[in-house]
Structure formats: structure tokens, C-alpha cells
Amino acid sequence: MPKVKILGPASSNSGRDFPRKFLVPLIFVGAFSFLAILGIIFYRLGSQVLKEESTLFKVERFSGEVEVYKVRQKSWSRLTRSDVQNIRLNRHDRLRTAQGADVDLKVEGLLNLRLKPLSELEIRKPAKGEALNLNLIRGASLGVTNDGFLGHELVIETNEVMMKTKGASFLVETVPLPSPVLGALDGSIDVFQKGSKKAVHVDSLYSVTPISQTDGKLLLEPTRVTYQAWRALNEARDLIVETKEEEKKQIDLRTRSGNFFDYVFDEGTFFKPNAGYAVRKF
């Protein structure tokens with residue numbers, strides 16, 4: 001009688017061995033993918049934190065009665081000397097100044113700002129493509145963008161208009177001032193009526209005063225600044241701070257002569273060919 005070989009148990013073991021060959025590689029791939037996803041998440045969160053930290057406003061100086069509203073505390077408090085260089089303003093925080101008071105703000109490497117008397121300013125969340133977004137609730141503000149602002153955009157909104165700039169020394173005024181002005185001392189700004197995409201371009205030493213019309217639209221027509229408006233704009237130069245390295249580049253024209261088209265002689269005036277007249281008090 002012929003012998004019959006039973007293969008059932010052997011084939012069963014072979015079926016169980018098949019997934020074991022791939023178990024270790026699958027575990028390795030799964031663990032690697034999980035760690036990679038965690039890395040991406042933490043990187044994005046870290047980048048967002050760094051971005052927010054880099055656009056925080058800090059108080060440089062103030063004069064008179066200035067109050068700050070912190071969203072986390074949901075209350076107003078009076079600014080003190082110990083707050084200078086220490087307090088940081090986040091999204092939706094606000095500052096307001098009393099009669100005769102002002103405050104200077106700074107975003108390191110990007111912007112210097114001065115809030116004038118009887119004014120109120122809110123820090124807003126920047127939209128895509130913006131570096132900074134502010135809401136001037138009332139009053140007036142002067143500002144100067146720095147060299148590090150190149151490639152960014154600043155937006156300041158008022159109750160009537162919106163100003164955008166990629167680099168300028170500027171003045172923004174709003175109600176309750178009788179004739180609000182938006183102007184540029186250096187660089188240029190674009191002014192929009194709220195809800196409109198049509199921009200009015202304002203070059204340096206020009207300004208616009210929004211004038212209400214019967215159809216509800218605003219007349220925005222750039223005009224050359226008057227002497228009084230120039231003096232108001234020129235206060236923005238007070239926000240420019242020269243570093244020691246920049247001061248070394250300044251040229252004292254009393255000790256050096258040159259071509260008239262390269263240097264403009266004026267006793268006691270310092271001039272930098274790449275940046276115009278330097279800020280220097282005598």
C-alpha cells in the first residue's frame with residue numbers, strides 16, 4: 001500500500017511566516033513617518049511663534065499719560081517707566097494717549113512708530129503677505145520703515161481709509177481731527193477708501209485729505225505738501241536712530257570738498273551719499 005505524505009501543517013506554518021518577513025520593515029517605516037509628521041508640526045508651530053515674536057511691538061519711550069489695553073487682562077492700565085523696553089504688545093492690544101502725551105513704538109528691524117496726543121491704536125493680525133497691520137482708531141501716527149522692511153508691507157486702517165506701504169516715512173491722521181491727512185515724507189504710500197480696491201498713489205512730499213462727496217465716496221486727490229504739513233511730516237525724522245557704524249560713514253563737509261553734484265555744502269550739515277542728510281543735532 002503506497003505511503004501518503006500529509007503537507008497540511010507545513011503549509012500552515014508557511015502562511016504564518018509570510019507577514020513576519022515584513023513586520024520589522026513596516027514598524028520602522030511607520031515609526032519614521034510618525035516622527036517626520038511630528039517634526040513638520042513642531043517646525044510650523046515654531047516658525048509661527050518666531051514670526052509672531054519678530055513682529056511684537058515694544059515701547060521705546062513715552063511722555064505724559066499713556067494707557068495700554070492688554071487682551072489677556074481685558075483691562076486698561078497706565079504705562080509706567082518700568083514698562084519701557086519691557087512691555088510687548090500682541091494682537092488686539094491697544095494704546096491710547098491723553099492730551100499732550102505721546103509714545104514711541106518699535107518693531108525690531110522693521111518699523112518705528114509714534115502715536116500722537118489724543119490718539120488710540122490697535123495691533124491687528126497681519127493678513128497673508130503683510131508684515132504688520134494696525135488700526136488707528138482715532139488721532140494721528142507717524143512712522144518710519146527700516147531697511148529690514150524691504151519686501152514686506154505695512155497696513156494702517158482708519159475709520160474711513162486704509163494705507164499701505166512697502167517703505168516710507170509717513171503721517172496718518174483720522175477723526176476727530178478736522179482735516180485728516182495721509183502723507184509721505186520719503187518713499188510712497190497707497191491710500192484706499194474702505195471697501196474699495198482702487199488705490200491712490202501718494203509719492204514723497206505729497207499728501208491726501210479724504211473729502212466726503214454726496215454719493216458717499218471719498219475724494220482722494222494727492223497734493224504737494226504745504227510748509228505746515230511738511231513740518232508735521234518732518235517729525236518722523238525724530239524716529240530715525242543712527243547706529244555707531246552709520247555715524248562713522250557720515251562725512252563732515254567742513255573737512256572735505258568734492259564735486260557739487262556729489263556733496264552739498266552746508267556748514268554743520270552731515271551728508272551720506274547713500275542715505276541723504278543724516279539726523280544730527282547741533
# chains A, B, ... in the order shown; residues from 1 in each chain; ligands from 1
call {"tool": "residues_around", "arguments": {"residues": "range 99-110 of chain A", "least_positions_apart": "3", "cutoff": "9 Å", "atoms": "only C-alpha atoms", "output": "PyMOL selection string"}}
result
chain A and resi 54-66+95-96+113-119+131+144-150+152+239
call {"tool": "closest_atom_pairs", "arguments": {"of": "range 205-227 of chain A", "to": "range 176-181 of chain A", "cutoff": "10 Å", "atoms": "only C-alpha atoms", "output": "CSV"}}
result
residue,atom,partner,partner_atom,distance
A:Ser207,CA,A:Val181,CA,6.5
A:Val208,CA,A:Val181,CA,5.8
A:Thr209,CA,A:Val181,CA,4.8
A:Pro210,CA,A:Pro180,CA,7.0
A:Ile211,CA,A:Ser179,CA,8.7
call {"tool": "closest_residue", "arguments": {"among": "A:Asp93, A:Asp203, A:Glu235, A:Asp215", "to": "Asn135 in chain A", "atoms": "only C-alpha atoms"}}
result
A:Asp93
call {"tool": "residues_around", "arguments": {"residues": "Val155 in chain A", "least_positions_apart": "2", "cutoff": "6 Å", "atoms": "only C-alpha atoms", "output": "short mmCIF file (atom, residue, chain, number, x, y, z; two decimals) with all heavy atoms, in the first residue's frame"}}
result
data_model
loop_
_atom_site.label_atom_id
_atom_site.label_comp_id
_atom_site.auth_asym_id
_atom_site.auth_seq_id
_atom_site.Cartn_x
_atom_site.Cartn_y
_atom_site.Cartn_z
N ASN A 133 -0.11 94.97 10.65
CA ASN A 133 -1.43 95.52 10.39
C ASN A 133 -1.89 96.26 11.63
O ASN A 133 -1.92 95.69 12.73
CB ASN A 133 -2.41 94.40 10.04
CG ASN A 133 -3.74 94.94 9.54
OD1 ASN A 133 -4.32 95.85 10.12
ND2 ASN A 133 -4.22 94.38 8.45
N MET A 163 -4.28 102.65 4.50
CA MET A 163 -3.00 102.99 3.91
C MET A 163 -2.11 101.76 3.84
O MET A 163 -2.04 100.98 4.79
CB MET A 163 -2.29 104.07 4.73
CG MET A 163 -0.97 104.54 4.12
SD MET A 163 0.28 105.03 5.35
CE MET A 163 0.91 103.44 5.89
N LYS A 164 -1.42 101.60 2.69
CA LYS A 164 -0.46 100.51 2.54
C LYS A 164 0.87 101.10 2.08
O LYS A 164 0.90 102.05 1.29
CB LYS A 164 -0.95 99.49 1.52
CG LYS A 164 -2.16 98.68 1.95
CD LYS A 164 -2.49 97.59 0.92
CE LYS A 164 -3.68 96.75 1.38
NZ LYS A 164 -3.97 95.65 0.42
#
call {"tool": "residues_around", "arguments": {"residues": "Val191 in chain A", "least_positions_apart": "6", "cutoff": "9 Å", "atoms": "only C-alpha atoms", "output": "list of chain:residue names"}}
result
A:Val161, A:Met162, A:Met163, A:Lys164, A:Thr165, A:Leu182, A:Lys198, A:Ala199, A:Val200, A:His201, A:Val202, A:Val208, A:Leu220
call {"tool": "residues_around", "arguments": {"residues": "Ala236 in chain A", "least_positions_apart": "2", "cutoff": "10 Å", "atoms": "only C-alpha atoms", "output": "MDAnalysis selection string"}}
result
chainID A and resid 112:114 141:144 169:171 184:186 231:234 238:240
call {"tool": "atom_distance", "arguments": {"atom1": "CA of Ile123 in chain A", "atom2": "CA of Arg81 in chain A"}}
result
21.3 Å
call {"tool": "closest_residue", "arguments": {"among": "A:Thr97, A:Asn90, A:Thr226, A:Ser188", "to": "Ala140 in chain A", "atoms": "only C-alpha atoms"}}
result
A:Thr97
call {"tool": "select_by_dssp", "arguments": {"residues": "range 44-230 of chain A", "states": "alpha helix (DSSP H)", "output": "count of residues only"}}
result
15
call {"tool": "closest_residue", "arguments": {"among": "A:Glu130, A:Ile137, A:Gln228, A:Ala168", "to": "Leu154 in chain A", "atoms": "only C-alpha atoms"}}
result
A:Glu130
call {"tool": "atom_distance", "arguments": {"atom1": "CA of Arg78 in chain A", "atom2": "CA of Val175 in chain A"}}
result
23.7 Å
